[in-house]
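*Asks:* Have a look at this one before I ask anything.
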Amino acid sequence: MSRNVIAITGASSGIGATFARKLAPGHDLILIARRKDRLEELASEFSRLYDTQSKIVEADLSREEDLAKAAEYISNEQRLALLINNAGFGTTGRFWESPLEVQERMHRLHIMATVRLTHAGLRNMVARDYGGIINVSSVSAFVRSPGTTSYSATKTWMTAFTEGLYLELKGMKSNVVIQALCPGFTYSEFHDAMGFERGRLAKSGFWMTADQVVEASLDGMRQRKPFVVPGWRYRVLTAIFSKLPTRARLAFEGITGRARLANTLSAAATVPKKLDGSETE
Ligand SMILES: NC(=O)c1ccc[n+]([C@@H]2O[C@H](COP(=O)([O-])OP(=O)(O)OC[C@H]3O[C@@H](n4cnc5c(N)ncnc54)[C@H](OP(=O)(O)O)[C@@H]3O)[C@@H](O)[C@H]2O)c1
């Protein structure tokens with residue numbers, strides 16, 4: 001019997017690779033990212049262990065031609081059961097201090113790639129009344145801070161976009177499920193690439209593994225939850241934040257954000273390569 005297909009962007013590391021590892025048994029995959037060698041390694045591992053067929057799509061989703069190519073695979077795959085819009089990156093430093101190109105690239109990747117692939121995925125799945133989409137957003141959608149302006153803004157957009165689609169699908173009693181996954185600090189290559197000092201936070205219990213994040217997401221899909229915030233600490237934090245009066249929220253975001261900004265700037269200062277371009281993938 002032919003298997004369902006799962007498409008994952010940013011499958012070459014971290015949360016995306018963990019989704020791929022969890023879902024490879026019993027599914028075929030479309031693995032999308034720029035690092036083709038990493039995708040090939042995963043594909044051969046899954047083929048050996050589970051007989052999984054993986055289509056590798058080498059694509060920089062912030063580039064129009066590559067995005068169009070990825071969207072075509074998603075549109076045409078009649079066995080598509082799940083699309084995971086996961087590719088993303090962070091930046092260090094204040095908005096105007098980091099190159100405009102990096103800021104624009106983040107908006108293209110987090111927003112335009114999500115729009116394009118979700119449109120392709122939903123046209124495909126709604127017609128069959130089957131499937132699901134996971135948009136990997138962030139706790140930053142609820143708790144903003146200086147130094148993460150574009151990141152928080154694009155992740156807030158992603159969460160609002162998912163909510164709108166949830167309402168549209170629910171309104172037509174569709175079986176297609178959609179989720180905004182909102183992780184907090186997660187061990188992956190994300191912060192390592194930023195040169196971010198995670199030592200202190202690691203002791204605070206706020207860090208989670210990609211495995212915990214992915215388990216929470218898949219569990220949420222089974223329960224058709226539109227928002228999944230993995231970890232009780234983050235659930236408490238986001239619940240409190242959404243109830244705070246604006247002035248209190250801004251004061252808190254300012255205090256915690258200043259500490260975080262100082263932390264990232266001093267960490268980045270020890271990694272000159274990253275400081276130049278403020279690019280943090
Ligand atoms: N780690 C955290 O603490 C955390 C917290 C909240 C949310 N998130 C979100 O989780 C998602 C996954 O991040 P991660 O933590 O797993 O980080 P990661 O290990 O750095 O993985 C990021 C993935 O995105 C891909 N990617 C980046 N730019 C791309 C581009 N232009 N085109 C195609 N693929 C691109 C990377 O692949 P290539 O480099 O091979 O292209 C990589 O596979 C991101 O959306 C991030 O915002 C992470």
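By order in the structure tokens, chains are A, B, ...; within a chain, residues start at 1; ligands start at 1, following the order shown.
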Name the residues, by chain letter and number, that sit within 6 Å of ligand 1 using only C-alpha atoms and all ligand atoms, and give them as number ranges by chain.
*Replies:* A: 10-16, 33-35, 59-62, 86-89, 136-138, 183-190, 281
*Asks:* If we count only C-alpha atoms, what is near stretch 28-30 of chain A at a cut-off of 12 Å, once residues fewer than 5 positions away on the same chain are taken out, given as an MDAnalysis selection string?
*Replies:* chainID A and resid 1:12 16:17 19:23 39:40 42:44 46:47 50:59 70:74 76:77 79:85
*Asks:* Using only C-alpha atoms, what table do you get, as JSON lines, when you list each residue of stretch 126-174 of chain A with an atom no more than 10 Å from stretch 233-237 of chain A, its nearest pair of atoms, and their distance in Å rounded to one decimal, rows by chain then rising number?
*Replies:*
```
{"residue": "A:Val139", "atom": "CA", "partner": "A:Tyr234", "partner_atom": "CA", "distance": 7.4}
{"residue": "A:Phe142", "atom": "CA", "partner": "A:Leu237", "partner_atom": "CA", "distance": 8.9}
{"residue": "A:Val143", "atom": "CA", "partner": "A:Leu237", "partner_atom": "CA", "distance": 8.5}
```
*Asks:* Would you save the residues from that selection as a JSON list (two decimals), in the first residue's frame, using N, CA and C atoms?
*Replies:*
```
[["chain", "number", "residue", "atom", "x", "y", "z"],
["A", 139, "VAL", "N", 7.34, 31.16, 20.94],
["A", 139, "VAL", "CA", 6.84, 31.89, 22.11],
["A", 139, "VAL", "C", 7.02, 33.40, 21.89],
["A", 142, "PHE", "N", 4.24, 35.77, 21.46],
["A", 142, "PHE", "CA", 3.49, 36.28, 22.62],
["A", 142, "PHE", "C", 4.33, 37.21, 23.48],
["A", 143, "VAL", "N", 5.64, 36.96, 23.51],
["A", 143, "VAL", "CA", 6.54, 37.74, 24.37],
["A", 143, "VAL", "C", 7.61, 38.35, 23.47]]
```
*Asks:* Looking only at strand (DSSP E) from DSSP on the backbone, list the matching residues of stretch 55-195 of chain A as a list in words.
*Replies:*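 Everything in stretch 55-195 of chain A that counts as strand (DSSP E) is Lys55, Ile56, Val57, Glu58, Leu80, Ala81, Leu82, Leu83, Ile84, Asn85, Gly132, Ile133, Ile134, Asn135, Val136, Val177, Ile178, Gln179, Ala180 and Leu181 of chain A.
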*Asks:* Take the residues from that selection and put them in a file with C-alpha atoms, as an mmCIF file, in the first residue's frame.
*Replies:*
```cif
data_model
loop_
_atom_site.group_PDB
_atom_site.id
_atom_site.type_symbol
_atom_site.label_atom_id
_atom_site.label_comp_id
_atom_site.auth_asym_id
_atom_site.auth_seq_id
_atom_site.Cartn_x
_atom_site.Cartn_y
_atom_site.Cartn_z
ATOM 1 C CA LYS A 55 12.341 13.428 -2.199
ATOM 2 C CA ILE A 56 15.123 15.919 -1.558
ATOM 3 C CA VAL A 57 14.436 19.516 -2.515
ATOM 4 C CA GLU A 58 17.526 21.710 -2.251
ATOM 5 C CA LEU A 80 0.443 14.717 0.894
ATOM 6 C CA ALA A 81 -0.808 14.278 4.472
ATOM 7 C CA LEU A 82 1.199 16.877 6.383
ATOM 8 C CA LEU A 83 3.147 20.045 5.575
ATOM 9 C CA ILE A 84 5.487 21.417 8.235
ATOM 10 C CA ASN A 85 6.565 25.026 7.631
ATOM 11 C CA GLY A 132 -2.681 18.901 8.173
ATOM 12 C CA ILE A 133 -0.277 21.821 8.405
ATOM 13 C CA ILE A 134 2.087 22.739 11.225
ATOM 14 C CA ASN A 135 3.482 26.276 11.163
ATOM 15 C CA VAL A 136 6.496 26.490 13.452
ATOM 16 C CA VAL A 177 -6.039 20.278 10.727
ATOM 17 C CA ILE A 178 -3.809 23.335 11.256
ATOM 18 C CA GLN A 179 -1.520 24.216 14.138
ATOM 19 C CA ALA A 180 0.807 27.021 15.191
ATOM 20 C CA LEU A 181 3.616 25.382 17.154
#
```
*Asks:* Enumerate, as number ranges by chain, the complete set of residues in stretch 112-155 of chain A that a backbone-based DSSP assignment places in alpha helix (DSSP H).
*Replies:* A: 113-128, 149-155
*Asks:* One decimal, in Å: what's the spacing between atom CA of A:Lys170 and atom CA of A:Gly121?
*Replies:*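 If I compute the distance from atom CA of A:Lys170 to atom CA of A:Gly121, I get 16.7 Å.
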*Asks:* Given the choices A:Arg38, A:Thr91, A:Tyr130, A:Gly231, which gets closest to A:Phe206 if the distance is worked out from only C-alpha atoms?
*Replies:*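 Nearest candidate to A:Phe206 out of A:Arg38, A:Thr91, A:Tyr130, A:Gly231: A:Gly231.
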*Asks:* Please report the interatomic distance between atom CA of A:Tyr166 and atom CA of A:Asp129 in Å with one decimal.
*Replies:* 14.0 Å
*Asks:* Which is closer to A:Val176 than all the others in A:Asn124, A:Ser145, A:Gln212, A:Thr159, using only C-alpha atoms?
*Replies:*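 Between A:Asn124, A:Ser145, A:Gln212, A:Thr159, the residue approaching A:Val176 most closely is A:Asn124.
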